[in-house]
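File shown: protein-v1.pdb (PDB, C-alpha atoms and all ligand atoms).
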ATOM      1  CA  MET L   1      52.039 144.397 162.253
ATOM      2  CA  ASP L   2      54.248 141.913 164.120
ATOM      3  CA  SER L   3      54.117 138.242 163.181
ATOM      4  CA  GLU L   4      52.211 137.190 166.338
ATOM      5  CA  ASN L   5      49.385 139.608 165.608
ATOM      6  CA  LEU L   6      49.492 138.552 161.980
ATOM      7  CA  VAL L   7      49.015 134.851 162.830
ATOM      8  CA  ARG L   8      46.177 135.720 165.233
ATOM      9  CA  LYS L   9      44.482 138.104 162.824
ATOM     10  CA  LEU L  10      44.693 135.593 159.980
ATOM     11  CA  GLY L  11      43.322 132.821 162.219
ATOM     12  CA  ILE L  12      46.093 130.433 161.191
ATOM     13  CA  LYS L  13      45.959 127.192 163.142
ATOM     14  CA  HIS L  14      48.246 124.859 161.232
ATOM     15  CA  ILE L  15      51.113 125.453 158.818
ATOM     16  CA  GLY L  16      52.719 122.656 156.795
ATOM     17  CA  ILE L  17      56.265 123.116 155.565
ATOM     18  CA  ILE L  18      57.957 121.074 152.830
ATOM     19  CA  MET L  19      61.657 121.455 153.518
ATOM     20  CA  ASP L  20      62.978 121.229 149.990
ATOM     21  CA  GLY L  21      66.197 122.301 148.295
ATOM     22  CA  ASN L  22      68.878 120.941 150.638
ATOM     23  CA  GLY L  23      70.620 119.042 147.842
ATOM     24  CA  ARG L  24      70.676 122.036 145.491
ATOM     25  CA  TRP L  25      71.944 124.265 148.297
ATOM     26  CA  ALA L  26      74.889 121.882 148.815
ATOM     27  CA  LYS L  27      75.521 121.437 145.079
ATOM     28  CA  LYS L  28      75.775 125.204 144.562
ATOM     29  CA  ARG L  29      78.570 125.194 147.139
ATOM     30  CA  LEU L  30      80.253 122.056 145.798
ATOM     31  CA  LEU L  31      79.473 120.323 149.095
ATOM     32  CA  PRO L  32      78.135 116.796 149.694
ATOM     33  CA  ARG L  33      74.329 116.539 149.854
ATOM     34  CA  MET L  34      74.467 115.797 153.584
ATOM     35  CA  ALA L  35      75.950 119.263 154.190
ATOM     36  CA  GLY L  36      72.685 120.598 152.745
ATOM     37  CA  HIS L  37      70.631 118.421 155.076
ATOM     38  CA  SER L  38      72.695 119.528 158.098
ATOM     39  CA  GLN L  39      72.143 123.141 157.151
ATOM     40  CA  GLY L  40      68.489 122.231 156.578
ATOM     41  CA  ALA L  41      68.284 120.973 160.155
ATOM     42  CA  LYS L  42      69.538 124.398 161.331
ATOM     43  CA  ALA L  43      66.898 126.099 159.188
ATOM     44  CA  PHE L  44      64.314 123.787 160.772
ATOM     45  CA  LYS L  45      65.317 124.961 164.261
ATOM     46  CA  ASN L  46      65.276 128.623 163.245
ATOM     47  CA  CYS L  47      61.912 128.235 161.588
ATOM     48  CA  LEU L  48      60.487 126.465 164.628
ATOM     49  CA  ASN L  49      61.708 129.344 166.815
ATOM     50  CA  SER L  50      60.033 131.808 164.438
ATOM     51  CA  CYS L  51      56.804 129.802 164.642
ATOM     52  CA  VAL L  52      56.950 129.868 168.464
ATOM     53  CA  LYS L  53      57.578 133.628 168.352
ATOM     54  CA  SER L  54      54.711 134.120 165.922
ATOM     55  CA  GLY L  55      52.242 132.149 168.025
ATOM     56  CA  VAL L  56      51.567 129.502 165.366
ATOM     57  CA  PRO L  57      49.446 126.859 167.160
ATOM     58  CA  CYS L  58      50.643 123.916 165.044
ATOM     59  CA  VAL L  59      53.368 123.396 162.463
ATOM     60  CA  THR L  60      54.229 120.230 160.561
ATOM     61  CA  PHE L  61      57.631 119.783 158.910
ATOM     62  CA  TYR L  62      58.036 117.199 156.138
ATOM     63  CA  ALA L  63      61.363 115.586 157.008
ATOM     64  CA  PHE L  64      61.293 112.154 155.330
ATOM     65  CA  SER L  65      58.716 110.802 152.936
ATOM     66  CA  THR L  66      57.730 107.211 152.177
ATOM     67  CA  GLU L  67      59.333 107.841 148.765
ATOM     68  CA  ASN L  68      62.674 108.991 150.227
ATOM     69  CA  TRP L  69      63.737 105.350 150.806
ATOM     70  CA  SER L  70      64.604 105.297 147.106
ATOM     71  CA  ARG L  71      67.577 107.619 147.737
ATOM     72  CA  PRO L  72      71.083 106.109 147.942
ATOM     73  CA  GLU L  73      71.451 103.999 151.068
ATOM     74  CA  GLU L  74      74.234 106.222 152.354
ATOM     75  CA  GLU L  75      72.001 109.315 152.225
ATOM     76  CA  VAL L  76      69.083 107.479 153.890
ATOM     77  CA  ASN L  77      71.349 106.228 156.686
ATOM     78  CA  SER L  78      72.830 109.681 157.197
ATOM     79  CA  LEU L  79      69.349 111.230 157.345
ATOM     80  CA  MET L  80      68.378 108.697 160.027
ATOM     81  CA  LYS L  81      71.515 109.609 162.001
ATOM     82  CA  LEU L  82      70.806 113.315 161.570
ATOM     83  CA  PHE L  83      67.267 112.732 162.815
ATOM     84  CA  CYS L  84      68.535 111.009 165.982
ATOM     85  CA  SER L  85      71.074 113.699 166.814
ATOM     86  CA  PHE L  86      68.529 116.408 166.001
ATOM     87  CA  MET L  87      66.044 114.843 168.422
ATOM     88  CA  ASP L  88      68.712 114.583 171.133
ATOM     89  CA  GLU L  89      69.306 118.303 170.746
ATOM     90  CA  MET L  90      65.596 119.103 170.810
ATOM     91  CA  MET L  91      65.134 117.053 173.980
ATOM     92  CA  LYS L  92      68.057 118.775 175.692
ATOM     93  CA  GLN L  93      66.408 122.105 175.012
ATOM     94  CA  ASP L  94      62.890 121.512 176.220
ATOM     95  CA  ASP L  95      62.366 125.136 177.238
ATOM     96  CA  GLN L  96      59.735 126.387 174.802
ATOM     97  CA  ASN L  97      56.690 124.454 175.966
ATOM     98  CA  ILE L  98      56.517 122.666 172.581
ATOM     99  CA  ARG L  99      54.597 119.423 172.130
ATOM    100  CA  LEU L 100      56.375 117.085 169.736
ATOM    101  CA  ARG L 101      54.563 114.576 167.580
ATOM    102  CA  PHE L 102      55.659 112.312 164.752
ATOM    103  CA  LEU L 103      53.443 111.584 161.789
ATOM    104  CA  GLY L 104      54.042 108.556 159.628
ATOM    105  CA  ASN L 105      54.463 104.816 159.619
ATOM    106  CA  ARG L 106      57.003 103.754 162.245
ATOM    107  CA  SER L 107      57.113 100.055 161.341
ATOM    108  CA  ARG L 108      59.951 100.371 158.786
ATOM    109  CA  LEU L 109      62.094 102.569 161.031
ATOM    110  CA  SER L 110      64.942 101.273 163.182
ATOM    111  CA  ASP L 111      64.431 100.719 166.902
ATOM    112  CA  GLU L 112      66.760 103.654 167.535
ATOM    113  CA  VAL L 113      64.640 106.084 165.489
ATOM    114  CA  ARG L 114      61.390 104.716 166.940
ATOM    115  CA  ASP L 115      62.720 104.994 170.492
ATOM    116  CA  LYS L 116      63.739 108.633 169.909
ATOM    117  CA  MET L 117      60.222 109.368 168.735
ATOM    118  CA  THR L 118      58.618 107.728 171.753
ATOM    119  CA  GLU L 119      61.066 109.441 174.095
ATOM    120  CA  ALA L 120      60.530 112.893 172.567
ATOM    121  CA  GLU L 121      56.740 112.546 172.559
ATOM    122  CA  LYS L 122      56.760 111.352 176.150
ATOM    123  CA  MET L 123      59.143 114.054 177.299
ATOM    124  CA  SER L 124      57.044 116.811 175.745
ATOM    125  CA  GLU L 125      53.560 115.492 176.555
ATOM    126  CA  LYS L 126      53.433 117.666 179.662
ATOM    127  CA  ASN L 127      53.887 120.788 177.534
ATOM    128  CA  THR L 128      50.884 122.908 176.690
ATOM    129  CA  GLY L 129      52.182 125.182 173.927
ATOM    130  CA  MET L 130      52.334 124.766 170.192
ATOM    131  CA  TRP L 131      52.421 121.441 168.362
ATOM    132  CA  CYS L 132      55.554 120.712 166.385
ATOM    133  CA  CYS L 133      54.868 117.729 164.168
ATOM    134  CA  ILE L 134      57.557 116.007 162.186
ATOM    135  CA  ALA L 135      56.378 113.942 159.247
ATOM    136  CA  PHE L 136      58.884 111.113 159.086
ATOM    137  CA  ASN L 137      58.416 108.074 156.877
ATOM    138  CA  TYR L 138      55.211 109.861 156.033
ATOM    139  CA  GLY L 139      53.101 109.583 152.906
ATOM    140  CA  GLY L 140      49.592 110.974 152.552
ATOM    141  CA  ARG L 141      48.339 107.960 150.605
ATOM    142  CA  GLU L 142      49.856 105.519 153.103
ATOM    143  CA  GLU L 143      48.187 107.501 155.902
ATOM    144  CA  ILE L 144      44.773 107.191 154.232
ATOM    145  CA  ILE L 145      45.195 103.466 153.538
ATOM    146  CA  ASN L 146      46.198 102.986 157.163
ATOM    147  CA  ALA L 147      43.065 104.863 158.278
ATOM    148  CA  VAL L 148      40.904 102.749 155.945
ATOM    149  CA  LYS L 149      42.355  99.605 157.549
ATOM    150  CA  THR L 150      41.493 100.955 161.016
ATOM    151  CA  THR L 151      37.971 101.746 159.795
ATOM    152  CA  ALA L 152      37.567  98.192 158.457
ATOM    153  CA  LEU L 153      38.746  96.687 161.746
ATOM    154  CA  MET L 154      36.362  98.909 163.714
ATOM    155  CA  TYR L 155      33.528  97.824 161.430
ATOM    156  CA  LYS L 156      34.454  94.162 161.694
ATOM    157  CA  SER L 157      34.527  94.279 165.478
ATOM    158  CA  GLY L 158      31.126  96.006 165.548
ATOM    159  CA  LYS L 159      32.530  99.241 166.963
ATOM    160  CA  LEU L 160      31.567 101.316 163.938
ATOM    161  CA  ASP L 161      28.384 101.400 161.940
ATOM    162  CA  ILE L 162      29.322 102.217 158.352
ATOM    163  CA  ASP L 163      26.503 104.779 158.142
ATOM    164  CA  ASP L 164      28.107 106.665 161.024
ATOM    165  CA  LEU L 165      31.389 107.105 159.176
ATOM    166  CA  ASN L 166      31.972 110.737 158.273
ATOM    167  CA  GLU L 167      34.847 113.129 157.578
ATOM    168  CA  ASP L 168      35.235 113.987 161.264
ATOM    169  CA  ASN L 169      35.481 110.489 162.673
ATOM    170  CA  PHE L 170      37.575 109.264 159.707
ATOM    171  CA  SER L 171      40.036 112.093 160.491
ATOM    172  CA  ASP L 172      40.459 110.552 163.930
ATOM    173  CA  PHE L 173      42.127 107.549 162.271
ATOM    174  CA  LEU L 174      44.761 109.687 160.562
ATOM    175  CA  TYR L 175      48.205 110.369 162.057
ATOM    176  CA  THR L 176      47.029 113.957 162.613
ATOM    177  CA  SER L 177      44.088 112.920 164.799
ATOM    178  CA  GLY L 178      42.973 115.847 166.943
ATOM    179  CA  LEU L 179      45.040 118.408 165.056
ATOM    180  CA  PRO L 180      43.431 121.183 162.999
ATOM    181  CA  ASP L 181      43.310 121.049 159.204
ATOM    182  CA  VAL L 182      46.174 122.754 157.425
ATOM    183  CA  ASP L 183      45.602 126.407 156.513
ATOM    184  CA  LEU L 184      48.858 127.095 154.743
ATOM    185  CA  ILE L 185      51.427 124.946 152.970
ATOM    186  CA  ILE L 186      54.806 126.543 152.363
ATOM    187  CA  ARG L 187      57.196 124.963 149.846
ATOM    188  CA  PRO L 188      60.544 126.604 149.228
ATOM    189  CA  SER L 189      62.995 125.712 146.446
ATOM    190  CA  GLY L 190      60.834 126.672 143.474
ATOM    191  CA  GLU L 191      59.075 123.297 143.118
ATOM    192  CA  LYS L 192      55.318 123.634 142.896
ATOM    193  CA  ARG L 193      53.821 120.371 144.071
ATOM    194  CA  LEU L 194      52.499 118.691 147.199
ATOM    195  CA  SER L 195      54.540 115.455 146.984
ATOM    196  CA  ASN L 196      52.117 113.299 148.993
ATOM    197  CA  PHE L 197      52.216 115.670 151.997
ATOM    198  CA  LEU L 198      49.092 116.012 154.166
ATOM    199  CA  ILE L 199      46.835 115.399 151.177
ATOM    200  CA  TRP L 200      43.675 114.929 153.258
ATOM    201  CA  GLN L 201      44.415 117.730 155.709
ATOM    202  CA  SER L 202      45.286 120.321 153.059
ATOM    203  CA  SER L 203      42.069 119.994 151.038
ATOM    204  CA  TYR L 204      41.361 123.686 151.554
ATOM    205  CA  ALA L 205      44.846 124.946 152.332
ATOM    206  CA  GLU L 206      46.471 127.876 150.591
ATOM    207  CA  PHE L 207      49.806 127.142 148.920
ATOM    208  CA  VAL L 208      52.757 129.492 148.976
ATOM    209  CA  PHE L 209      55.680 128.445 146.786
ATOM    210  CA  MET L 210      58.942 130.308 147.277
ATOM    211  CA  ASP L 211      62.197 130.390 145.375
ATOM    212  CA  VAL L 212      64.492 130.298 148.408
ATOM    213  CA  LEU L 213      66.254 126.976 149.100
ATOM    214  CA  TRP L 214      65.286 125.470 152.472
ATOM    215  CA  PRO L 215      68.709 125.883 154.193
ATOM    216  CA  ASP L 216      68.439 129.635 153.512
ATOM    217  CA  PHE L 217      64.827 129.917 154.726
ATOM    218  CA  SER L 218      64.641 132.790 157.231
ATOM    219  CA  GLU L 219      62.136 134.390 159.579
ATOM    220  CA  LYS L 220      61.519 136.993 156.885
ATOM    221  CA  ASP L 221      60.545 134.232 154.455
ATOM    222  CA  LEU L 222      58.034 132.884 156.975
ATOM    223  CA  ILE L 223      56.553 136.353 157.454
ATOM    224  CA  ASP L 224      56.444 136.898 153.673
ATOM    225  CA  ALA L 225      54.503 133.632 153.341
ATOM    226  CA  LEU L 226      52.081 134.783 156.071
ATOM    227  CA  ILE L 227      51.587 138.108 154.291
ATOM    228  CA  GLU L 228      50.935 136.299 151.002
ATOM    229  CA  TYR L 229      48.423 134.037 152.784
ATOM    230  CA  GLY L 230      46.715 137.153 154.124
ATOM    231  CA  LYS L 231      46.049 138.295 150.557
ATOM    232  CA  ARG L 232      44.150 135.126 149.679
ATOM    233  CA  ASN L 233      40.387 134.941 149.792
ATOM    234  CA  ARG L 234      39.483 131.578 151.339
ATOM    235  CA  ARG L 235      35.979 130.621 150.326
ATOM    236  CA  PHE L 236      35.884 126.896 151.224
ATOM    237  CA  GLY L 237      33.672 126.236 148.233
ATOM    238  CA  GLY L 238      31.319 129.093 149.069
ATOM    239  CA  VAL L 239      31.000 132.431 147.319
TER     240      VAL L 239
HETATM  241  C1  LIG G 301      64.415 117.578 150.548
HETATM  242  O1  LIG G 301      65.483 118.251 149.927
HETATM  243  C2  LIG G 301      64.787 117.317 151.933
HETATM  244  C3  LIG G 301      64.746 116.110 152.546
HETATM  245  C4  LIG G 301      64.313 114.863 151.901
HETATM  246  C5  LIG G 301      65.203 115.961 153.927
HETATM  247  C6  LIG G 301      64.771 117.065 154.831
HETATM  248  C7  LIG G 301      65.607 117.015 156.026
HETATM  249  C8  LIG G 301      66.041 118.081 156.700
HETATM  250  C9  LIG G 301      65.654 119.477 156.442
HETATM  251  C10 LIG G 301      66.988 117.876 157.800
HETATM  252  C11 LIG G 301      66.335 117.973 159.127
HETATM  253  C12 LIG G 301      65.450 116.876 159.302
HETATM  254  C13 LIG G 301      65.620 115.865 160.093
HETATM  255  C14 LIG G 301      65.058 115.973 161.442
HETATM  256  C15 LIG G 301      66.278 114.646 159.630
HETATM  257  P1  LIG G 301      66.259 117.517 148.744
HETATM  258  O2  LIG G 301      67.350 116.717 149.324
HETATM  259  O3  LIG G 301      65.278 116.755 147.913
HETATM  260  O4  LIG G 301      66.802 118.732 147.965
HETATM  261  P2  LIG G 301      67.031 118.820 146.375
HETATM  262  O5  LIG G 301      65.664 118.715 145.752
HETATM  263  O6  LIG G 301      67.636 120.169 146.198
HETATM  264  O7  LIG G 301      67.927 117.700 146.002
END

What is this structure when it is put down as structure tokens?
Amino acid sequence: MDSENLVRKLGIKHIGIIMDGNGRWAKKRLLPRMAGHSQGAKAFKNCLNSCVKSGVPCVTFYAFSTENWSRPEEEVNSLMKLFCSFMDEMMKQDDQNIRLRFLGNRSRLSDEVRDKMTEAEKMSEKNTGMWCCIAFNYGGREEIINAVKTTALMYKSGKLDIDDLNEDNFSDFLYTSGLPDVDLIIRPSGEKRLSNFLIWQSSYAEFVFMDVLWPDFSEKDLIDALIEYGKRNRRFGGV
């Protein structure tokens, strides 16, 4: 079965990808860590193309977490630069009908990064194809706290009756508002944890952990993850 039929048959609506292992990929080659991130950006593009080809309706890539600020300043600054040049490239190549969206708290980001986000979202808002979300300065706990603050403000201004609050309308206050819940989380690099990624949205997701390092992640790895997902029996708490 080809990957498009596989995604359709499995009913996958949203895949989350934790791009992990860039540093180890570089270290194995005696290269600076940034060489791993640059190669990781290439793997990101390839993976996005594979998602388009496979008919995945929505994919979210974890590119920079709220915890990543604790890395050396030089690495953080280089990641910000890489992000900006990556977005320039994506915007130059707006030929796949992809809608871009950024998840995370933008207040700590530089004007340059924020402007790229606004520009890319605006440029792609006319598109009608898949969603490509990039979680950048994203943390699942921060996202929930932010949504709680919005809820409190809505309550205070009389726009929300607390008895009307439910999982659906609370989800509207998250960065992922309007997007489907995550069906599948893929984490390469051998680590087996969620690291504060889409913690609300992945409540019932299946997890596929793979040994490949992110810069080496290929279309075959994506298909292998889909096949593994297909073997799972999702019961959503039922029997
Ligand atoms: C985790 O690997 C990776 C990151 C924190 C950065 C991910 C960034 C990219 C894939 C580059 C493309 C993204 C953009 C748009 C900036 P790690 O560095 O923790 O790897 P390690 O665990 O092997 O050290």

From the options L:Leu30, L:Val113, L:Ala147, L:Ile186, which residue's atoms come nearest to Phe217 of chain L, counting all atoms listed in the file?
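Looking at the shortest contact to Phe217 of chain L, the residue is L:Ile186.
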
For ligand LIG 301 (chain G), collect every residue having any atom at a distance of at most 6 Å from a ligand atom (counting only C-alpha atoms and all ligand atoms); output as a PyMOL selection string.
chain L and resi 19-24+37-38+40-41+63-64+79+82-83+86

Output of the above residues as a PDB file, in the coordinates of the input, restricted to C-alpha atoms:
ATOM      1  CA  MET L  19      61.657 121.455 153.518  1.00  0.00           C
ATOM      2  CA  ASP L  20      62.978 121.229 149.990  1.00  0.00           C
ATOM      3  CA  GLY L  21      66.197 122.301 148.295  1.00  0.00           C
ATOM      4  CA  ASN L  22      68.878 120.941 150.638  1.00  0.00           C
ATOM      5  CA  GLY L  23      70.620 119.042 147.842  1.00  0.00           C
ATOM      6  CA  ARG L  24      70.676 122.036 145.491  1.00  0.00           C
ATOM      7  CA  HIS L  37      70.631 118.421 155.076  1.00  0.00           C
ATOM      8  CA  SER L  38      72.695 119.528 158.098  1.00  0.00           C
ATOM      9  CA  GLY L  40      68.489 122.231 156.578  1.00  0.00           C
ATOM     10  CA  ALA L  41      68.284 120.973 160.155  1.00  0.00           C
ATOM     11  CA  ALA L  63      61.363 115.586 157.008  1.00  0.00           C
ATOM     12  CA  PHE L  64      61.293 112.154 155.330  1.00  0.00           C
ATOM     13  CA  LEU L  79      69.349 111.230 157.345  1.00  0.00           C
ATOM     14  CA  LEU L  82      70.806 113.315 161.570  1.00  0.00           C
ATOM     15  CA  PHE L  83      67.267 112.732 162.815  1.00  0.00           C
ATOM     16  CA  PHE L  86      68.529 116.408 166.001  1.00  0.00           C
TER      17      PHE L  86
END

For the structure shown, which residues end up in the PyMOL selection byres (((chain L and resi 192) around 12) and not hetatm)? Put them as a VMD selection string, please?
chain L and resid 18 20 185 to 191 193 to 195 207 to 211

Hey, what's within 8 Å of Tyr229 of chain L if we count all atoms listed in the file and toss same-chain stuff fewer than 3 positions away? As a PyMOL selection string, please?
chain L and resi 184+206+208+225-226+232

What is the distance between atom CA of Val52 of chain L and atom CA of Gly129 of chain L, in Å to one decimal?
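One can read the atom CA of Val52 of chain L to atom CA of Gly129 of chain L distance as 8.6 Å.
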
What residues come out when you apply the PyMOL selection byres (((chain L and resi 8-16) around 7) and not hetatm) to this file, written as number ranges by chain?
L: 4-7, 17-18, 56-61, 180-186, 230

Taking every listed atom of segment 220-235 of chain L and adding 6 Å to each side, what centre and edge lengths in Å (one decimal) does the axis-aligned box have, as AutoDock Vina command-line options?
--center_x 48.7 --center_y 134.5 --center_z 153.6 --size_x 37.5 --size_y 19.7 --size_z 19.8

Could you check which of L:Met91, L:Val76, L:Ile199, L:Met1 is closest to Ile227 of chain L, using all atoms listed in the file?
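Closest residue, counting all atoms listed in the file: L:Met1.
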
Counting only C-alpha atoms, figure out which residue out of L:Arg101, L:Arg141, L:Lys231, L:Lys149 gets nearest to Trp200 of chain L.
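Checking each of L:Arg101, L:Arg141, L:Lys231, L:Lys149 against Trp200 of chain L, counting only C-alpha atoms, the winner is L:Arg141.
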